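Here is entry_24.csv, consisting of CSV, C-alpha atoms:
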```csv
chain,number,residue,atom,x,y,z
A,20,MET,CA,27.8,32.6,-37.9
A,21,THR,CA,25.3,35.1,-36.5
A,22,TYR,CA,21.9,33.8,-35.5
A,23,VAL,CA,19.1,36.3,-35.9
A,24,GLU,CA,15.7,36.7,-34.4
A,25,GLY,CA,13.7,39.0,-36.6
A,26,PHE,CA,10.6,41.0,-35.7
A,27,VAL,CA,8.0,43.1,-37.6
A,28,VAL,CA,5.3,45.0,-35.7
A,29,ALA,CA,2.7,47.7,-36.3
A,30,VAL,CA,3.0,50.6,-33.8
A,31,PRO,CA,0.6,53.5,-33.5
A,32,THR,CA,2.5,56.5,-35.1
A,33,ALA,CA,1.6,58.6,-32.1
A,34,ASN,CA,3.4,56.1,-29.9
A,35,LYS,CA,6.8,56.4,-31.6
A,36,GLU,CA,8.6,57.9,-28.6
A,37,ALA,CA,6.8,55.6,-26.1
A,38,TYR,CA,7.9,52.6,-28.3
A,39,ARG,CA,11.5,53.9,-28.6
A,40,ARG,CA,11.6,54.4,-24.8
A,41,HIS,CA,10.1,51.0,-24.2
A,42,ALA,CA,12.7,49.3,-26.4
A,43,ALA,CA,15.6,51.3,-25.0
A,44,ASP,CA,14.6,50.4,-21.5
A,45,ALA,CA,14.4,46.7,-22.3
A,46,ALA,CA,17.7,46.6,-24.1
A,47,PRO,CA,19.9,46.1,-21.0
A,48,LEU,CA,17.7,43.1,-20.0
A,49,PHE,CA,18.0,41.6,-23.4
A,50,LYS,CA,21.8,42.1,-23.4
A,51,GLU,CA,21.9,40.4,-20.0
A,52,PHE,CA,20.1,37.4,-21.5
A,53,GLY,CA,22.7,37.1,-24.3
A,54,VAL,CA,21.6,39.3,-27.2
A,55,ALA,CA,24.8,40.6,-28.8
A,56,ARG,CA,23.1,43.4,-30.7
A,57,MET,CA,19.5,44.8,-30.7
A,58,VAL,CA,18.2,47.1,-33.4
A,59,GLU,CA,14.8,48.7,-33.7
A,60,CYS,CA,14.0,50.6,-37.0
A,61,TRP,CA,11.0,52.9,-37.6
A,62,GLY,CA,9.3,52.8,-41.0
A,63,ASP,CA,10.3,55.6,-43.3
A,64,ASP,CA,9.9,54.4,-46.9
A,65,VAL,CA,7.5,51.4,-46.7
A,66,PRO,CA,5.6,51.1,-50.1
A,67,ASP,CA,2.4,49.3,-50.8
A,68,GLY,CA,2.9,46.1,-52.8
A,69,LYS,CA,0.8,44.6,-55.5
A,70,VAL,CA,0.8,41.1,-53.9
A,71,ASN,CA,2.0,41.7,-50.3
A,72,ASP,CA,3.9,44.2,-48.3
A,73,PHE,CA,5.1,45.0,-44.8
A,74,LYS,CA,1.9,46.8,-43.9
A,75,GLY,CA,-0.3,43.9,-44.8
A,76,ALA,CA,2.2,41.5,-43.0
A,77,VAL,CA,1.3,43.0,-39.6
A,78,GLN,CA,-2.2,44.3,-40.6
A,79,ALA,CA,-1.1,47.9,-40.0
A,80,LYS,CA,-3.9,50.4,-39.7
A,81,PRO,CA,-3.7,53.9,-41.4
A,82,ASP,CA,-2.5,55.5,-38.1
A,83,GLU,CA,0.2,52.9,-37.5
A,84,THR,CA,3.8,52.7,-38.7
A,85,VAL,CA,5.7,49.4,-39.4
A,86,VAL,CA,8.8,48.7,-37.3
A,87,PHE,CA,11.5,46.3,-38.6
A,88,SER,CA,13.8,45.0,-35.9
A,89,TRP,CA,16.2,42.2,-35.0
A,90,PHE,CA,18.3,40.6,-32.3
A,91,GLU,CA,21.7,39.2,-33.1
A,92,TYR,CA,23.2,36.3,-31.2
A,93,PRO,CA,26.6,34.5,-31.6
A,94,ASP,CA,24.8,31.2,-32.3
A,95,LYS,CA,21.4,29.4,-32.0
A,96,GLU,CA,22.3,27.9,-28.6
A,97,THR,CA,22.7,31.3,-27.1
A,98,ARG,CA,19.4,32.4,-28.6
A,99,ASP,CA,17.6,29.3,-27.3
A,100,ALA,CA,19.0,29.9,-23.8
A,101,ALA,CA,18.0,33.6,-23.9
A,102,THR,CA,14.5,32.6,-24.9
A,103,GLU,CA,14.2,30.4,-21.9
A,104,LYS,CA,15.4,33.2,-19.6
A,105,MET,CA,13.0,35.7,-21.2
A,106,MET,CA,10.0,33.3,-20.7
A,107,SER,CA,10.8,32.8,-17.0
A,108,ASP,CA,12.0,36.2,-15.9
A,109,PRO,CA,9.3,38.2,-14.0
A,110,ARG,CA,10.8,41.5,-15.3
A,111,MET,CA,9.8,40.4,-18.8
A,112,ALA,CA,6.3,39.8,-17.7
A,113,ALA,CA,6.1,43.3,-16.3
A,114,MET,CA,7.3,44.8,-19.5
A,115,GLY,CA,4.8,42.7,-21.5
A,116,GLY,CA,2.0,44.4,-19.7
A,117,GLU,CA,3.1,47.9,-20.8
A,118,MET,CA,3.7,47.4,-24.6
A,119,PRO,CA,2.7,50.5,-26.6
A,120,PHE,CA,1.6,48.3,-29.6
A,121,ASP,CA,-0.6,45.3,-30.3
A,122,GLY,CA,1.7,42.3,-29.6
A,123,MET,CA,-0.9,39.9,-31.2
A,124,ARG,CA,0.1,41.3,-34.6
A,125,MET,CA,3.9,41.1,-34.0
A,126,ILE,CA,5.6,38.6,-36.2
A,127,ILE,CA,8.7,36.8,-35.0
A,128,GLY,CA,11.1,34.1,-36.2
A,129,GLY,CA,14.6,32.7,-35.8
A,130,PHE,CA,17.0,32.7,-38.8
A,131,ASP,CA,20.4,31.3,-39.6
A,132,SER,CA,22.7,33.8,-41.4
A,133,LEU,CA,23.5,32.8,-45.0
A,134,ILE,CA,25.9,35.7,-45.5
A,135,ASP,CA,27.1,38.5,-43.2
A,136,ASP,CA,29.2,40.9,-45.3
A,137,ARG,CA,30.7,44.0,-43.7
A,138,GLY,CA,32.8,47.0,-44.7
A,139,ALA,CA,32.3,49.9,-47.0
A,140,LYS,CA,34.7,50.9,-49.8
A,141,GLU,CA,37.4,53.3,-48.7
A,142,GLY,CA,36.1,56.9,-48.9
A,143,MET,CA,32.4,56.0,-48.7
A,144,GLY,CA,32.1,56.5,-44.9
A,145,GLY,CA,30.7,54.1,-42.4
A,146,GLY,CA,28.3,53.9,-39.5
A,147,PHE,CA,24.7,53.0,-39.4
A,148,GLY,CA,21.9,55.4,-40.0
A,149,TYR,CA,19.5,53.7,-42.3
A,150,ALA,CA,18.3,50.1,-43.2
A,151,ASP,CA,16.6,48.4,-46.1
A,152,GLY,CA,14.6,45.4,-44.7
A,153,TYR,CA,13.4,42.5,-46.7
A,154,VAL,CA,11.3,39.3,-46.3
A,155,ALA,CA,11.1,36.8,-49.2
A,156,PRO,CA,10.0,33.2,-49.9
A,157,VAL,CA,12.6,31.0,-51.4
A,158,PRO,CA,12.3,27.3,-52.5
A,159,ASP,CA,14.1,25.0,-50.2
A,160,ALA,CA,15.9,23.4,-53.2
A,161,ASN,CA,17.3,26.9,-54.2
A,162,LYS,CA,19.0,27.6,-50.9
A,163,GLU,CA,22.5,27.5,-52.3
A,164,ALA,CA,21.5,29.3,-55.5
A,165,TYR,CA,20.0,32.0,-53.4
A,166,ARG,CA,23.2,32.3,-51.3
A,167,THR,CA,25.3,32.6,-54.5
A,168,MET,CA,23.0,35.3,-55.8
A,169,ALA,CA,23.1,37.1,-52.4
A,170,ILE,CA,26.9,37.1,-52.3
A,171,ARG,CA,27.0,38.7,-55.8
A,172,ALA,CA,24.4,41.3,-54.9
A,173,SER,CA,26.1,42.1,-51.6
A,174,GLU,CA,29.3,43.1,-53.4
A,175,VAL,CA,27.4,45.5,-55.5
A,176,PHE,CA,25.6,47.1,-52.6
A,177,ARG,CA,28.8,47.5,-50.6
A,178,ASP,CA,30.6,48.9,-53.7
A,179,HIS,CA,27.9,51.6,-53.7
A,180,GLY,CA,27.9,52.7,-50.1
A,181,ALA,CA,26.3,49.9,-48.0
A,182,THR,CA,28.2,49.1,-44.8
A,183,ARG,CA,26.7,45.7,-44.1
A,184,VAL,CA,24.6,43.1,-45.9
A,185,VAL,CA,22.9,40.3,-44.0
A,186,GLU,CA,20.8,37.4,-45.5
A,187,CYS,CA,19.2,34.9,-43.1
A,188,TRP,CA,17.5,31.6,-43.8
A,189,GLY,CA,14.4,30.6,-41.8
A,190,ASP,CA,15.2,28.1,-39.0
A,191,ASP,CA,12.5,28.6,-36.4
A,192,VAL,CA,9.6,30.2,-38.3
A,193,SER,CA,6.3,29.0,-36.9
A,194,ASP,CA,2.7,29.9,-37.8
A,195,GLY,CA,1.1,32.5,-35.6
A,196,LYS,CA,-2.5,33.0,-34.5
A,197,VAL,CA,-3.0,36.3,-36.3
A,198,THR,CA,0.2,37.1,-38.3
A,199,ASP,CA,3.5,35.4,-39.1
A,200,PHE,CA,6.4,35.4,-41.5
A,201,ASN,CA,5.0,32.6,-43.5
A,202,ARG,CA,1.8,34.5,-44.3
A,203,ALA,CA,3.8,37.7,-44.8
A,204,ALA,CA,5.8,36.1,-47.6
A,205,HIS,CA,2.8,34.1,-48.9
A,206,LYS,CA,5.0,31.0,-48.4
A,207,LYS,CA,4.1,27.9,-50.3
A,208,ASP,CA,4.8,24.2,-49.6
A,209,GLY,CA,8.5,23.5,-50.3
A,210,GLU,CA,9.6,27.1,-49.6
A,211,ASN,CA,11.3,28.8,-46.7
A,212,VAL,CA,11.4,32.4,-45.5
A,213,VAL,CA,14.4,34.7,-45.9
A,214,PHE,CA,14.9,37.7,-43.5
A,215,SER,CA,17.5,40.2,-44.6
A,216,TRP,CA,18.7,43.7,-44.3
A,217,VAL,CA,21.2,46.2,-45.8
A,218,GLU,CA,22.8,48.8,-43.6
A,219,TRP,CA,23.7,52.3,-44.9
A,220,PRO,CA,25.4,55.2,-43.2
A,221,ASP,CA,22.4,57.5,-43.8
A,222,LYS,CA,19.3,57.9,-46.0
A,223,GLU,CA,21.2,60.1,-48.5
A,224,THR,CA,23.8,57.4,-49.1
A,225,ARG,CA,21.1,54.9,-49.4
A,226,VAL,CA,19.2,56.9,-52.1
A,227,ALA,CA,22.3,57.6,-54.1
A,228,GLY,CA,23.5,54.0,-53.6
A,229,TRP,CA,20.3,52.6,-54.9
A,230,ASP,CA,20.5,54.6,-58.1
A,231,LYS,CA,24.0,53.2,-58.7
A,232,VAL,CA,23.0,49.7,-57.8
A,233,MET,CA,20.1,49.7,-60.2
A,234,ALA,CA,22.4,51.0,-63.0
A,235,ASP,CA,25.1,48.4,-62.2
A,236,GLU,CA,25.3,45.8,-65.0
A,237,ARG,CA,26.0,43.1,-62.3
A,238,MET,CA,22.4,43.6,-61.1
A,239,GLN,CA,20.8,43.0,-64.5
A,240,HIS,CA,18.1,40.4,-64.0
A,241,ASP,CA,18.1,37.3,-66.2
A,242,PRO,CA,14.4,36.5,-67.0
A,243,SER,CA,15.2,32.8,-66.9
A,244,ASP,CA,16.5,33.1,-63.3
A,245,GLN,CA,13.7,31.6,-61.0
A,246,THR,CA,15.8,31.5,-57.8
A,247,PHE,CA,12.8,33.0,-56.0
A,248,ASP,CA,9.6,34.8,-56.7
A,249,GLY,CA,10.5,38.5,-56.4
A,250,LYS,CA,6.8,39.5,-56.7
A,251,ARG,CA,6.3,38.1,-53.2
A,252,MET,CA,9.3,39.8,-51.7
A,253,ILE,CA,8.4,42.6,-49.3
A,254,TYR,CA,10.7,45.5,-48.6
A,255,GLY,CA,11.0,48.9,-47.1
A,256,GLY,CA,13.4,51.6,-45.8
A,257,PHE,CA,13.7,52.1,-42.1
A,258,VAL,CA,15.4,54.6,-39.7
A,259,PRO,CA,17.1,53.1,-36.6
A,260,ILE,CA,15.7,54.4,-33.4
A,261,VAL,CA,17.4,52.0,-30.9
A,262,GLU,CA,20.7,50.2,-31.4
A,263,ALA,CA,22.2,48.5,-28.4
```

Let me see the structure of the file written as structure tokens.
Amino acid sequence: MTYVEGFVVAVPTANKEAYRRHAADAAPLFKEFGVARMVECWGDDVPDGKVNDFKGAVQAKPDETVVFSWFEYPDKETRDAATEKMMSDPRMAAMGGEMPFDGMRMIIGGFDSLIDDRGAKEGMGGGFGYADGYVAPVPDANKEAYRTMAIRASEVFRDHGATRVVECWGDDVSDGKVTDFNRAAHKKDGENVVFSWVEWPDKETRVAGWDKVMADERMQHDPSDQTFDGKRMIYGGFVPIVEA
């Protein structure tokens, strides 16, 4: 199944076009290294959380916007080989000196896909014009329970307009010097980090779809279900600015 490298970064809002151009220019190089798909999404509906949120995850300043992005690889071996190439290629070093954001606050991790469900119901359209992004802590012992829950939720999302649902289990998620996925999710001992997203054709479909998802009886929460701590899940809505 797909191996995912996930990223979250704070970018000065004034640098949106510079960031888009920087990412778009880098895309051919990443594809050369083995990235099957590269997506960069600009924060559009990123709420403040009571416990944690995307802004706090990357220490975003008032004049910065959160970017949620990912690389997709056919497998971990391809990702590991690509990482080696990126570390040794002088073209990457040149790009690193021109980043229109603070790379020290970027968080990055490698994830194995738990589910990767595609396809909208007939008549609901297709394409990719909006994404919901999530990061959550899940107890290691609940991995299969989480997968079962995710499969059930994926069906509901796709029934109401989502075109793809991807849930990924932390595989190479290390601590960073300033920020990281573990701190973003307030991960505890015995837990792992899940990185996931839902693709929609556009924001309008996402808004209408969410109303239907929340009203769907299949999504009613059982108070006794302790598969993961939803209070520490961070989420937001994002507009894709680069897809390659």

Please provide as JSON, numbers by chain all residues within 6 Å of stretch 85-101 of chain A, with the sequence filter that same-chain residues fewer than 2 positions apart are discarded (counting all atoms listed in the file).
{"A": [21, 22, 23, 24, 25, 26, 27, 28, 29, 52, 53, 54, 55, 56, 57, 58, 59, 60, 61, 62, 103, 104]}

Sorted per-residue table, stretch 96-186 of chain A near stretch 236-242 of chain A, closest atoms and distance, 10 Å, only C-alpha atoms, as a tab-separated table:
```
residue	atom	partner	partner_atom	distance
A:Met168	CA	A:Met238	CA	9.9
A:Arg171	CA	A:Arg237	CA	7.9
A:Ala172	CA	A:Met238	CA	6.9
A:Glu174	CA	A:Arg237	CA	9.5
A:Val175	CA	A:Arg237	CA	7.3
A:Phe176	CA	A:Met238	CA	9.7
```

Option closest in space to A:Glu83, from A:Gly256, A:Pro31, A:Pro47, A:Gly129 [counting all atoms listed in the file]
A:Pro31

In Å, with one decimal, what is the gap from atom CA of A:Gly180 to atom CA of A:Asp67?
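The value is 25.7 Å.
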
Which residue out of A:Lys35, A:Lys250, A:Arg177, A:Arg183 has the minimum interatomic distance to A:Tyr149 when all atoms listed in the file are used?
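Among A:Lys35, A:Lys250, A:Arg177, A:Arg183, it is A:Arg183 that comes nearest to A:Tyr149.
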
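The coordinates place atom CA of A:Val184 at 6.1 Å from atom CA of A:Trp216.
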
I'd like the contact shell of A:Arg225 - 9 Å cut-off, all atoms listed in the file, skipping same-chain residues fewer than 2 positions apart - returned as a compact mmCIF listing (two decimals) with C-alpha atoms, keeping the file's coordinate frame.
```txt
# COMPACT_ATOMS: atom_id res chain seq x y z
CA TYR A 149 19.50 53.70 -42.30
CA ALA A 150 18.30 50.10 -43.20
CA ASP A 151 16.60 48.40 -46.10
CA HIS A 179 27.90 51.60 -53.70
CA GLY A 180 27.90 52.70 -50.10
CA ALA A 181 26.30 49.90 -48.00
CA GLU A 218 22.80 48.80 -43.60
CA TRP A 219 23.70 52.30 -44.90
CA PRO A 220 25.40 55.20 -43.20
CA ASP A 221 22.40 57.50 -43.80
CA LYS A 222 19.30 57.90 -46.00
CA GLU A 223 21.20 60.10 -48.50
CA ALA A 227 22.30 57.60 -54.10
CA GLY A 228 23.50 54.00 -53.60
CA TRP A 229 20.30 52.60 -54.90
CA ASP A 230 20.50 54.60 -58.10
```

Distance query A:Ala45 at most 9 Å, all atoms listed in the file, self and fewer than 4 positions along chain excluded, as a CSV table (one decimal) with C-alpha atoms, in the frame of the given file:
```
chain,number,residue,atom,x,y,z
A,40,ARG,CA,11.6,54.4,-24.8
A,41,HIS,CA,10.1,51.0,-24.2
A,49,PHE,CA,18.0,41.6,-23.4
A,50,LYS,CA,21.8,42.1,-23.4
A,111,MET,CA,9.8,40.4,-18.8
A,114,MET,CA,7.3,44.8,-19.5
```

Restricting to all atoms listed in the file, whichever of A:Asn34, A:Thr246, A:Thr84, A:Asn71 is closest to A:Thr167 is A:Thr246

Which residue gives the smallest distance to A:Asp191 among A:Glu117, A:Ala169, A:Thr32, A:Phe214, with all atoms listed in the file counted?
A:Phe214

Pairwise distance, atom CA of A:Asp63 with atom CA of A:Phe257, equals 5.0 Å

Would you mind listing what lies within 8 Å of stretch 201-212 of chain A as an MDAnalysis selection string, with only C-alpha atoms counted and same-chain residues fewer than 2 positions away left out?
chainID A and resid 71:73 75:77 154:160 188:189 192:194 198:199 214 251:253

With distances taken over all atoms listed in the file, which residue among A:Ser107, A:Asp131, A:Gln245, A:Asp190 lies nearest A:Asn161?
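Going through A:Ser107, A:Asp131, A:Gln245, A:Asp190 one by one, the smallest distance to A:Asn161 is for A:Gln245.
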
Find the residue from A:Met125, A:Ala37, A:Ala113, A:Asp44 that sits nearest to A:Ala79; use only C-alpha atoms when measuring.
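That would be A:Met125, the residue with the smallest distance to A:Ala79.
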
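Only residues having an atom at most 8 Å from (0.7, 38.8, -30.9) are included; using all atoms listed in the file, these are A:Asp121, A:Gly122, A:Met123, A:Arg124, A:Met125, A:Ile126, A:Gly195, A:Lys196, A:Val197, A:Thr198.
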